[in-house]
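Q: What follows is structure-v3.pdb, PDB, C-alpha atoms, pLDDT in the B column.
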ATOM      1  CA  VAL A 640      10.828  15.559  11.276  1.00 67.00           C
ATOM      2  CA  GLU A 641      13.967  13.531  10.546  1.00 68.00           C
ATOM      3  CA  GLN A 642      12.786  11.038   7.917  1.00 69.00           C
ATOM      4  CA  GLY A 643      10.296  13.377   6.247  1.00 69.00           C
ATOM      5  CA  GLU A 644      11.603  16.932   6.316  1.00 72.00           C
ATOM      6  CA  GLY A 645      15.183  16.283   7.371  1.00 70.00           C
ATOM      7  CA  ALA A 646      15.053  19.145   9.880  1.00 70.00           C
ATOM      8  CA  ARG A 647      17.635  17.276  11.945  1.00 74.00           C
ATOM      9  CA  GLY A 648      20.528  15.420  10.407  1.00 70.00           C
ATOM     10  CA  ASP A 649      21.204  15.067   6.670  1.00 78.00           C
ATOM     11  CA  TRP A 650      18.152  16.471   4.868  1.00 81.00           C
ATOM     12  CA  ARG A 651      19.314  15.011   1.551  1.00 81.00           C
ATOM     13  CA  SER A 652      18.646  11.488   2.821  1.00 83.00           C
ATOM     14  CA  ALA A 653      15.174  12.434   4.112  1.00 84.00           C
ATOM     15  CA  HIS A 654      12.034  12.196   1.973  1.00 84.00           C
ATOM     16  CA  PHE A 655      12.236  15.893   1.117  1.00 87.00           C
ATOM     17  CA  GLY A 656      15.830  15.550  -0.058  1.00 88.00           C
ATOM     18  CA  ILE A 657      14.982  12.515  -2.193  1.00 89.00           C
ATOM     19  CA  PHE A 658      12.135  14.405  -3.887  1.00 91.00           C
ATOM     20  CA  VAL A 659      14.436  17.365  -4.556  1.00 91.00           C
ATOM     21  CA  GLY A 660      16.936  14.949  -6.111  1.00 93.00           C
ATOM     22  CA  ILE A 661      14.255  13.492  -8.376  1.00 94.00           C
ATOM     23  CA  LEU A 662      13.248  16.988  -9.499  1.00 95.00           C
ATOM     24  CA  GLU A 663      16.859  17.899 -10.263  1.00 96.00           C
ATOM     25  CA  GLU A 664      17.317  14.700 -12.290  1.00 96.00           C
ATOM     26  CA  LEU A 665      14.119  15.385 -14.258  1.00 96.00           C
ATOM     27  CA  ARG A 666      15.212  18.942 -15.083  1.00 96.00           C
ATOM     28  CA  SER A 667      18.626  17.705 -16.164  1.00 97.00           C
ATOM     29  CA  MET A 668      17.159  15.027 -18.436  1.00 97.00           C
ATOM     30  CA  ARG A 669      14.714  17.460 -20.031  1.00 96.00           C
ATOM     31  CA  GLU A 670      17.496  19.940 -20.683  1.00 96.00           C
ATOM     32  CA  ALA A 671      19.326  17.181 -22.559  1.00 97.00           C
ATOM     33  CA  ASP A 672      16.149  15.959 -24.297  1.00 97.00           C
ATOM     34  CA  PRO A 673      13.090  18.284 -24.225  1.00 94.00           C
ATOM     35  CA  THR A 674      10.870  15.426 -25.477  1.00 94.00           C
ATOM     36  CA  PHE A 675      11.729  13.199 -22.508  1.00 94.00           C
ATOM     37  CA  GLU A 676       8.566  12.051 -20.704  1.00 90.00           C
ATOM     38  CA  PRO A 677       9.180   9.750 -17.704  1.00 88.00           C
ATOM     39  CA  ALA A 678       5.564   8.838 -16.973  1.00 85.00           C
ATOM     40  CA  ARG A 679       2.667   7.121 -18.669  1.00 86.00           C
ATOM     41  CA  ASP A 680      -0.515   9.028 -19.490  1.00 86.00           C
ATOM     42  CA  VAL A 681      -2.030   8.493 -16.049  1.00 91.00           C
ATOM     43  CA  VAL A 682      -4.979  10.165 -14.314  1.00 89.00           C
ATOM     44  CA  PRO A 683      -6.122   9.716 -10.696  1.00 86.00           C
ATOM     45  CA  ALA A 684      -9.055   7.357 -11.092  1.00 90.00           C
ATOM     46  CA  TYR A 685     -11.673   6.175  -8.626  1.00 91.00           C
ATOM     47  CA  VAL A 686     -13.816   3.069  -8.399  1.00 91.00           C
ATOM     48  CA  HIS A 687     -16.625   5.186  -6.890  1.00 87.00           C
ATOM     49  CA  GLU A 688     -17.234   8.931  -6.882  1.00 83.00           C
ATOM     50  CA  PRO A 689     -15.477  10.342  -3.781  1.00 79.00           C
ATOM     51  CA  ASP A 690     -17.755  12.113  -1.314  1.00 76.00           C
ATOM     52  CA  ASP A 691     -15.419  15.076  -0.838  1.00 71.00           C
ATOM     53  CA  ALA A 692     -14.593  15.729  -4.504  1.00 70.00           C
ATOM     54  CA  ASP A 693     -14.498  19.443  -5.304  1.00 72.00           C
ATOM     55  CA  ALA A 694     -13.831  18.905  -9.012  1.00 75.00           C
ATOM     56  CA  PRO A 695     -14.757  16.329 -11.679  1.00 78.00           C
ATOM     57  CA  THR A 696     -13.020  13.007 -11.113  1.00 84.00           C
ATOM     58  CA  ALA A 697     -12.258  10.083 -13.394  1.00 88.00           C
ATOM     59  CA  ILE A 698     -14.361   7.020 -12.621  1.00 91.00           C
ATOM     60  CA  ILE A 699     -12.946   3.663 -13.705  1.00 94.00           C
ATOM     61  CA  GLY A 700     -15.180   2.041 -16.299  1.00 94.00           C
ATOM     62  CA  ASN A 701     -13.002  -0.978 -17.040  1.00 93.00           C
ATOM     63  CA  ALA A 702     -14.094  -3.847 -14.773  1.00 94.00           C
ATOM     64  CA  PHE A 703     -10.666  -5.460 -14.399  1.00 94.00           C
ATOM     65  CA  THR A 704      -8.958  -2.126 -13.735  1.00 95.00           C
ATOM     66  CA  ALA A 705     -11.565  -1.368 -11.065  1.00 95.00           C
ATOM     67  CA  ARG A 706     -10.792  -4.620  -9.276  1.00 96.00           C
ATOM     68  CA  VAL A 707      -7.045  -3.909  -9.280  1.00 96.00           C
ATOM     69  CA  ALA A 708      -7.719  -0.384  -7.995  1.00 95.00           C
ATOM     70  CA  ASP A 709      -9.943  -1.794  -5.268  1.00 95.00           C
ATOM     71  CA  LEU A 710      -7.162  -4.195  -4.261  1.00 97.00           C
ATOM     72  CA  PHE A 711      -4.701  -1.295  -4.118  1.00 96.00           C
ATOM     73  CA  ASP A 712      -7.028   0.689  -1.859  1.00 95.00           C
ATOM     74  CA  ALA A 713      -7.639  -2.332   0.397  1.00 95.00           C
ATOM     75  CA  THR A 714      -3.877  -2.867   0.691  1.00 97.00           C
ATOM     76  CA  TYR A 715      -3.431   0.815   1.531  1.00 95.00           C
ATOM     77  CA  GLU A 716      -6.042   0.563   4.294  1.00 93.00           C
ATOM     78  CA  THR A 717      -4.398  -2.548   5.694  1.00 95.00           C
ATOM     79  CA  ALA A 718      -0.973  -0.887   5.709  1.00 95.00           C
ATOM     80  CA  LEU A 719      -2.476   1.993   7.697  1.00 92.00           C
ATOM     81  CA  GLN A 720      -4.013  -0.490  10.124  1.00 92.00           C
ATOM     82  CA  ALA A 721      -0.644  -2.161  10.652  1.00 94.00           C
ATOM     83  CA  LEU A 722       1.008   1.226  11.205  1.00 92.00           C
ATOM     84  CA  GLY A 723      -1.767   2.258  13.564  1.00 90.00           C
ATOM     85  CA  ARG A 724      -1.332  -0.856  15.655  1.00 92.00           C
ATOM     86  CA  TYR A 725       2.435  -0.355  15.671  1.00 93.00           C
ATOM     87  CA  PHE A 726       2.161   3.154  17.076  1.00 90.00           C
ATOM     88  CA  VAL A 727      -0.556   2.385  19.667  1.00 87.00           C
ATOM     89  CA  HIS A 728       0.427  -1.168  20.604  1.00 86.00           C
ATOM     90  CA  SER A 729      -0.496  -2.255  24.110  1.00 82.00           C
ATOM     91  CA  THR A 730       0.910  -5.501  25.498  1.00 89.00           C
ATOM     92  CA  GLU A 731       2.729  -6.745  22.398  1.00 93.00           C
ATOM     93  CA  SER A 732       6.191  -8.192  22.893  1.00 93.00           C
ATOM     94  CA  ASN A 733       9.229  -6.600  21.268  1.00 94.00           C
ATOM     95  CA  GLU A 734       9.143  -9.321  18.625  1.00 95.00           C
ATOM     96  CA  GLN A 735       5.476  -8.622  17.881  1.00 95.00           C
ATOM     97  CA  VAL A 736       6.102  -4.880  17.602  1.00 95.00           C
ATOM     98  CA  ALA A 737       8.927  -5.621  15.162  1.00 96.00           C
ATOM     99  CA  THR A 738       6.547  -7.825  13.163  1.00 96.00           C
ATOM    100  CA  LEU A 739       4.004  -4.998  12.917  1.00 96.00           C
ATOM    101  CA  ALA A 740       6.698  -2.685  11.552  1.00 96.00           C
ATOM    102  CA  TYR A 741       7.881  -5.379   9.133  1.00 97.00           C
ATOM    103  CA  VAL A 742       4.365  -6.070   7.855  1.00 97.00           C
ATOM    104  CA  ALA A 743       3.552  -2.371   7.413  1.00 96.00           C
ATOM    105  CA  LYS A 744       6.713  -1.737   5.397  1.00 96.00           C
ATOM    106  CA  ARG A 745       6.274  -4.864   3.269  1.00 97.00           C
ATOM    107  CA  LEU A 746       2.647  -3.985   2.532  1.00 98.00           C
ATOM    108  CA  MET A 747       3.973  -0.768   1.028  1.00 97.00           C
ATOM    109  CA  SER A 748       6.993  -2.151  -0.829  1.00 96.00           C
ATOM    110  CA  ARG A 749       5.615  -5.558  -1.845  1.00 96.00           C
ATOM    111  CA  GLY A 750       1.952  -4.551  -2.175  1.00 97.00           C
ATOM    112  CA  LEU A 751       1.368  -0.875  -2.913  1.00 97.00           C
ATOM    113  CA  LEU A 752       4.424  -0.377  -5.125  1.00 96.00           C
ATOM    114  CA  PRO A 753       3.784  -3.206  -7.629  1.00 96.00           C
ATOM    115  CA  LEU A 754       0.006  -2.659  -7.566  1.00 96.00           C
ATOM    116  CA  GLY A 755       0.445   1.058  -8.221  1.00 95.00           C
ATOM    117  CA  ILE A 756       2.732   0.343 -11.149  1.00 94.00           C
ATOM    118  CA  ALA A 757       0.297  -2.275 -12.453  1.00 94.00           C
ATOM    119  CA  LEU A 758      -2.535   0.258 -12.425  1.00 94.00           C
ATOM    120  CA  THR A 759      -0.567   2.562 -14.727  1.00 94.00           C
ATOM    121  CA  GLU A 760      -0.629  -0.219 -17.320  1.00 92.00           C
ATOM    122  CA  LEU A 761      -4.425  -0.536 -17.242  1.00 94.00           C
ATOM    123  CA  PRO A 762      -7.005   1.637 -19.048  1.00 94.00           C
ATOM    124  CA  VAL A 763      -9.475   3.770 -17.142  1.00 94.00           C
ATOM    125  CA  GLY A 764     -12.303   3.055 -19.572  1.00 90.00           C
ATOM    126  CA  SER A 765     -13.174   0.946 -22.581  1.00 86.00           C
ATOM    127  CA  ASP A 766     -10.564   2.620 -24.780  1.00 85.00           C
ATOM    128  CA  LEU A 767      -7.549   0.347 -24.427  1.00 81.00           C
ATOM    129  CA  TYR A 768      -5.293   3.130 -25.727  1.00 82.00           C
ATOM    130  CA  GLY A 769      -6.770   5.870 -23.544  1.00 86.00           C
ATOM    131  CA  PRO A 770      -5.508   7.241 -20.223  1.00 89.00           C
ATOM    132  CA  ARG A 771      -4.092   4.800 -17.717  1.00 93.00           C
ATOM    133  CA  ALA A 772      -5.413   4.523 -14.157  1.00 94.00           C
ATOM    134  CA  GLY A 773      -3.539   6.193 -11.334  1.00 92.00           C
ATOM    135  CA  ALA A 774      -3.935   5.138  -7.706  1.00 93.00           C
ATOM    136  CA  SER A 775      -6.500   7.136  -5.735  1.00 89.00           C
ATOM    137  CA  PHE A 776      -5.444   6.078  -2.199  1.00 90.00           C
ATOM    138  CA  THR A 777      -9.101   5.830  -1.202  1.00 87.00           C
ATOM    139  CA  ILE A 778      -9.874   4.761   2.361  1.00 82.00           C
ATOM    140  CA  VAL A 779     -13.047   4.392   4.383  1.00 73.00           C
ATOM    141  CA  PRO A 780     -13.302   6.220   7.726  1.00 65.00           C
ATOM    142  CA  ALA A 781     -13.682   2.962   9.656  1.00 58.00           C
ATOM    143  CA  THR A 782     -10.016   2.250   8.925  1.00 52.00           C
ATOM    144  CA  PHE A 783      -9.097   4.635  11.703  1.00 57.00           C
ATOM    145  CA  TYR A 784     -11.220   2.945  14.359  1.00 59.00           C
ATOM    146  CA  LEU A 785      -8.449   1.243  16.283  1.00 66.00           C
ATOM    147  CA  LEU A 786      -9.275  -2.062  17.923  1.00 72.00           C
ATOM    148  CA  PRO A 787      -8.294  -1.714  21.595  1.00 76.00           C
ATOM    149  CA  HIS A 788      -8.002  -5.456  22.214  1.00 86.00           C
ATOM    150  CA  ARG A 789      -4.661  -6.886  21.167  1.00 90.00           C
ATOM    151  CA  ASN A 790      -5.798 -10.355  20.090  1.00 91.00           C
ATOM    152  CA  ALA A 791      -8.749  -9.056  18.067  1.00 90.00           C
ATOM    153  CA  ALA A 792      -6.569  -6.468  16.308  1.00 91.00           C
ATOM    154  CA  TRP A 793      -4.059  -9.104  15.255  1.00 94.00           C
ATOM    155  CA  HIS A 794      -6.722 -11.538  14.058  1.00 94.00           C
ATOM    156  CA  VAL A 795      -8.335  -8.820  11.922  1.00 93.00           C
ATOM    157  CA  LEU A 796      -4.974  -7.791  10.462  1.00 95.00           C
ATOM    158  CA  ARG A 797      -3.959 -11.367   9.632  1.00 96.00           C
ATOM    159  CA  HIS A 798      -7.368 -12.070   8.091  1.00 96.00           C
ATOM    160  CA  ARG A 799      -7.216  -8.946   5.932  1.00 95.00           C
ATOM    161  CA  VAL A 800      -3.715  -9.737   4.650  1.00 97.00           C
ATOM    162  CA  GLY A 801      -4.882 -13.251   3.770  1.00 97.00           C
ATOM    163  CA  GLU A 802      -7.857 -11.859   1.867  1.00 97.00           C
ATOM    164  CA  LEU A 803      -5.577  -9.511  -0.052  1.00 97.00           C
ATOM    165  CA  ALA A 804      -3.386 -12.463  -1.045  1.00 98.00           C
ATOM    166  CA  ASP A 805      -6.452 -14.366  -2.276  1.00 97.00           C
ATOM    167  CA  ARG A 806      -7.681 -11.448  -4.343  1.00 97.00           C
ATOM    168  CA  ALA A 807      -4.257 -10.859  -5.888  1.00 97.00           C
ATOM    169  CA  ALA A 808      -4.057 -14.538  -6.888  1.00 96.00           C
ATOM    170  CA  GLU A 809      -7.525 -14.384  -8.483  1.00 96.00           C
ATOM    171  CA  LEU A 810      -6.624 -11.297 -10.492  1.00 95.00           C
ATOM    172  CA  ALA A 811      -3.312 -12.826 -11.564  1.00 94.00           C
ATOM    173  CA  ALA A 812      -5.203 -15.824 -12.972  1.00 93.00           C
ATOM    174  CA  GLU A 813      -7.719 -13.666 -14.843  1.00 90.00           C
ATOM    175  CA  GLY A 814      -5.753 -10.733 -16.221  1.00 78.00           C
ATOM    176  CA  PRO A 815      -2.643  -9.701 -18.129  1.00 82.00           C
ATOM    177  CA  LEU A 816      -0.545  -8.771 -15.095  1.00 86.00           C
ATOM    178  CA  PRO A 817       1.838 -11.576 -14.062  1.00 87.00           C
ATOM    179  CA  ALA A 818       3.280  -9.284 -11.357  1.00 90.00           C
ATOM    180  CA  LEU A 819       0.114  -9.857  -9.345  1.00 95.00           C
ATOM    181  CA  LEU A 820       1.136 -13.456  -8.707  1.00 94.00           C
ATOM    182  CA  LYS A 821       4.284 -12.203  -6.963  1.00 95.00           C
ATOM    183  CA  VAL A 822       2.133  -9.797  -4.947  1.00 97.00           C
ATOM    184  CA  SER A 823      -0.027 -12.711  -3.832  1.00 97.00           C
ATOM    185  CA  THR A 824       2.999 -14.788  -2.835  1.00 97.00           C
ATOM    186  CA  ASP A 825       4.526 -11.924  -0.834  1.00 97.00           C
ATOM    187  CA  LEU A 826       1.238 -11.162   0.921  1.00 98.00           C
ATOM    188  CA  ARG A 827       0.845 -14.825   1.823  1.00 98.00           C
ATOM    189  CA  ALA A 828       4.284 -14.711   3.444  1.00 97.00           C
ATOM    190  CA  LEU A 829       3.172 -11.696   5.493  1.00 97.00           C
ATOM    191  CA  GLU A 830       0.080 -13.574   6.602  1.00 97.00           C
ATOM    192  CA  ALA A 831       2.309 -16.435   7.768  1.00 97.00           C
ATOM    193  CA  ARG A 832       4.576 -13.980   9.620  1.00 96.00           C
ATOM    194  CA  LEU A 833       1.559 -12.552  11.456  1.00 96.00           C
ATOM    195  CA  ALA A 834       0.248 -16.034  12.264  1.00 96.00           C
ATOM    196  CA  ALA A 835       3.619 -17.056  13.716  1.00 95.00           C
ATOM    197  CA  GLU A 836       3.651 -14.047  16.065  1.00 93.00           C
ATOM    198  CA  MET A 837      -0.081 -14.094  16.812  1.00 90.00           C
ATOM    199  CA  PRO A 838      -0.806 -12.982  20.405  1.00 86.00           C
ATOM    200  CA  GLY A 839      -2.423 -15.705  22.471  1.00 75.00           C
ATOM    201  CA  ARG A 840      -0.322 -18.520  21.015  1.00 59.00           C
ATOM    202  CA  GLU A 841       1.980 -18.392  23.995  1.00 51.00           C
ATOM    203  CA  ASP A 842      -1.016 -18.762  26.307  1.00 47.00           C
ATOM    204  CA  VAL A 843      -2.133 -21.882  24.487  1.00 36.00           C
ATOM    205  CA  GLU A 844       1.371 -23.372  24.470  1.00 40.00           C
ATOM    206  CA  GLU A 845       1.855 -22.704  28.168  1.00 39.00           C
ATOM    207  CA  GLY A 846      -1.529 -24.210  28.999  1.00 39.00           C
TER
END
Could you write out this structure as structure tokens?

A:
Amino acid sequence: VEQGEGARGDWRSAHFGIFVGILEELRSMREADPTFEPARDVVPAYVHEPDDADAPTAIIGNAFTARVADLFDATYETALQALGRYFVHSTESNEQVATLAYVAKRLMSRGLLPLGIALTELPVGSDLYGPRAGASFTIVPATFYLLPHRNAAWHVLRHRVGELADRAAELAAEGPLPALLKVSTDLRALEARLAAEMPGREDVEEG
């Protein structure tokens, strides 16, 4: 209500107000230069045909692009898991709740943002000069099955972030996107943050 729509407080600083500002800037720039085009030739592209598609969809045929898209989707799922745990936390300490919020936000800003931009530099198919791949934000339903046990939820989250870091490092070594190495480094730092706040550590230390 406040951050999204701005129904209370200053709506211009809410998401809605920011989007309105972007639209106004785009209109102003195109009035000054009708040929101005701020985006690459990007289409929403999927690694696999979505089950609920009601229209033809672009399927990624380039193997490397598909792997980057899959990493984006996995990072998106993990961010949702971190947010889910944040909102339904059980016996986490204040510090652990803060860590969940920190990890969720960093997965978006240090994971989804650079990966999404990287996708727009990669071809959907074999034509290297054809349309670029846009993020599909694909998730599997199991993402929303919340783990009720605190320790298990944290172990799964830390393990998933570590896997994402590994996959980003592998792609950085194989492809033309040096930004992926920074993604891997940032994800590894998030894994370490989760490990440092892992529930159950205090039990071991006290014992």

Q: Compile the contact shell of region 752-767 of chain A as a list in words: residues with an atom at most 9 Å away, counting all atoms listed in the file, same-chain residues fewer than 5 positions apart removed.

A: Arg679, Asp680, Val681, Val682, Ala684, Ala697, Ile698, Ile699, Gly700, Asn701, Ala702, Phe703, Thr704, Ala705, Val707, Ala708, Leu710, Phe711, Leu746, Met747, Ala772, Gly773, Ala774, Leu816, Ala818, Leu819 and Val822 of chain A

Q: Just to confirm, what's the straight-line distance from CA of Gln720 (chain A) to CA of Ala743 (chain A) in Å (one decimal)?

A: 8.3 Å

Q: Set the distance at 10 Å and use only C-alpha atoms: which residues neighbour Pro787 (chain A) once local chain neighbours fewer than 2 positions away are removed? I'd like the list as an mmCIF file with C-alpha atoms, keeping the file's coordinate frame.

A:
data_model
loop_
_atom_site.group_PDB
_atom_site.id
_atom_site.type_symbol
_atom_site.label_atom_id
_atom_site.label_comp_id
_atom_site.auth_asym_id
_atom_site.auth_seq_id
_atom_site.Cartn_x
_atom_site.Cartn_y
_atom_site.Cartn_z
ATOM 1 C CA ARG A 724 -1.332 -0.856 15.655
ATOM 2 C CA VAL A 727 -0.556 2.385 19.667
ATOM 3 C CA HIS A 728 0.427 -1.168 20.604
ATOM 4 C CA SER A 729 -0.496 -2.255 24.110
ATOM 5 C CA TYR A 784 -11.220 2.945 14.359
ATOM 6 C CA LEU A 785 -8.449 1.243 16.283
ATOM 7 C CA ARG A 789 -4.661 -6.886 21.167
ATOM 8 C CA ASN A 790 -5.798 -10.355 20.090
ATOM 9 C CA ALA A 791 -8.749 -9.056 18.067
ATOM 10 C CA ALA A 792 -6.569 -6.468 16.308
#

Q: With the file shown as input, list the residues that the PyMOL selection byres ((chain A and resi 837) around 8) selects, as a ChimeraX atom specification.

A: /A:735,790,793-794,833-836,838-840

Q: Quick one: pull the distance between CA of Val736 (chain A) and CA of Ala718 (chain A), Å, one decimal.

A: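 Straight-line distance from CA of Val736 (chain A) to CA of Ala718 (chain A) works out to 14.4 Å.
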
Q: Using all atoms listed in the file, can you tell me which of A:Arg771, A:Arg651, A:Arg797, A:Arg706 comes closest to Glu830 (chain A)?

A: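 Closest candidate: A:Arg797.
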
Q: For the atom pair CA of Leu719 (chain A) and CA of Asp805 (chain A), what is the interatomic distance in Å to one decimal place?

A: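 These atoms are spaced 19.6 Å apart.
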
Q: Which one of A:Pro770, A:Pro677, A:Gly723, A:Gly801 sits closest to Arg827 (chain A) if you count all atoms listed in the file?

A: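 Under the stated criterion, the closest residue is A:Gly801.
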
Q: Extract, using all atoms listed in the file, all DNA, RNA and protein residues at most 9 Å from Asp712 (chain A), discarding same-chain residues fewer than 2 positions from it, and format them as a PDB file with C-alpha atoms, in the frame of the given file.

A:
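Once everything was written out, this is selection.pdb:
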ATOM      1  CA  VAL A 707      -7.045  -3.909  -9.280  1.00 96.00           C
ATOM      2  CA  ALA A 708      -7.719  -0.384  -7.995  1.00 95.00           C
ATOM      3  CA  ASP A 709      -9.943  -1.794  -5.268  1.00 95.00           C
ATOM      4  CA  LEU A 710      -7.162  -4.195  -4.261  1.00 97.00           C
ATOM      5  CA  THR A 714      -3.877  -2.867   0.691  1.00 97.00           C
ATOM      6  CA  TYR A 715      -3.431   0.815   1.531  1.00 95.00           C
ATOM      7  CA  GLU A 716      -6.042   0.563   4.294  1.00 93.00           C
ATOM      8  CA  THR A 717      -4.398  -2.548   5.694  1.00 95.00           C
ATOM      9  CA  LEU A 751       1.368  -0.875  -2.913  1.00 97.00           C
ATOM     10  CA  ALA A 774      -3.935   5.138  -7.706  1.00 93.00           C
ATOM     11  CA  SER A 775      -6.500   7.136  -5.735  1.00 89.00           C
ATOM     12  CA  PHE A 776      -5.444   6.078  -2.199  1.00 90.00           C
ATOM     13  CA  THR A 777      -9.101   5.830  -1.202  1.00 87.00           C
ATOM     14  CA  ILE A 778      -9.874   4.761   2.361  1.00 82.00           C
TER      15      ILE A 778
END

Q: Quick one: everything within 8 Å of Leu739 (chain A), counting all atoms listed in the file, minus sequence neighbours fewer than 6 positions away in the same chain. Send it as a list in words.

A: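 Non-adjacent residues within range: Ala721, Leu722, Arg724 and Tyr725 of chain A.
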
Q: Any chance you could build region 825-840 of chain A out to N, CA, C and O atoms and write it as a compact mmCIF listing (two decimals), in the coordinates of the input?

A:
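out_1.txt, written as the output of this step:
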# COMPACT_ATOMS: atom_id res chain seq x y z
N ASP A 825 3.93 -12.74 -1.90
CA ASP A 825 4.53 -11.92 -0.83
C ASP A 825 3.52 -11.64 0.28
O ASP A 825 3.87 -11.64 1.47
N LEU A 826 2.27 -11.40 -0.09
CA LEU A 826 1.24 -11.16 0.92
C LEU A 826 0.98 -12.42 1.74
O LEU A 826 0.74 -12.35 2.95
N ARG A 827 1.04 -13.57 1.09
CA ARG A 827 0.84 -14.82 1.82
C ARG A 827 1.96 -15.02 2.85
O ARG A 827 1.72 -15.53 3.96
N ALA A 828 3.17 -14.61 2.50
CA ALA A 828 4.28 -14.71 3.44
C ALA A 828 4.06 -13.78 4.64
O ALA A 828 4.39 -14.13 5.77
N LEU A 829 3.48 -12.61 4.40
CA LEU A 829 3.17 -11.70 5.49
C LEU A 829 2.09 -12.27 6.40
O LEU A 829 2.15 -12.13 7.63
N GLU A 830 1.12 -12.92 5.80
CA GLU A 830 0.08 -13.57 6.60
C GLU A 830 0.69 -14.64 7.52
O GLU A 830 0.34 -14.74 8.70
N ALA A 831 1.64 -15.41 6.97
CA ALA A 831 2.31 -16.43 7.77
C ALA A 831 3.14 -15.81 8.88
O ALA A 831 3.20 -16.34 10.00
N ARG A 832 3.79 -14.68 8.60
CA ARG A 832 4.58 -13.98 9.62
C ARG A 832 3.68 -13.53 10.77
O ARG A 832 4.02 -13.66 11.94
N LEU A 833 2.51 -12.98 10.43
CA LEU A 833 1.56 -12.55 11.46
C LEU A 833 1.04 -13.74 12.26
O LEU A 833 0.90 -13.66 13.48
N ALA A 834 0.75 -14.84 11.57
CA ALA A 834 0.25 -16.03 12.26
C ALA A 834 1.28 -16.58 13.24
O ALA A 834 0.94 -17.05 14.33
N ALA A 835 2.57 -16.52 12.86
CA ALA A 835 3.62 -17.06 13.72
C ALA A 835 3.79 -16.23 14.99
O ALA A 835 4.21 -16.76 16.03
N GLU A 836 3.49 -14.93 14.91
CA GLU A 836 3.65 -14.05 16.07
C GLU A 836 2.32 -13.70 16.72
O GLU A 836 2.26 -12.81 17.57
N MET A 837 1.25 -14.42 16.34
CA MET A 837 -0.08 -14.09 16.81
C MET A 837 -0.17 -14.09 18.34
O MET A 837 0.17 -15.08 18.98
N PRO A 838 -0.63 -12.99 18.95
CA PRO A 838 -0.81 -12.98 20.40
C PRO A 838 -1.81 -14.05 20.83
O PRO A 838 -2.77 -14.33 20.13
N GLY A 839 -1.55 -14.65 21.97
CA GLY A 839 -2.42 -15.70 22.47
C GLY A 839 -1.86 -17.08 22.25
O GLY A 839 -2.21 -18.03 22.94
N ARG A 840 -0.92 -17.21 21.26
CA ARG A 840 -0.32 -18.52 21.02
C ARG A 840 0.48 -18.98 22.21
O ARG A 840 0.47 -20.15 22.57
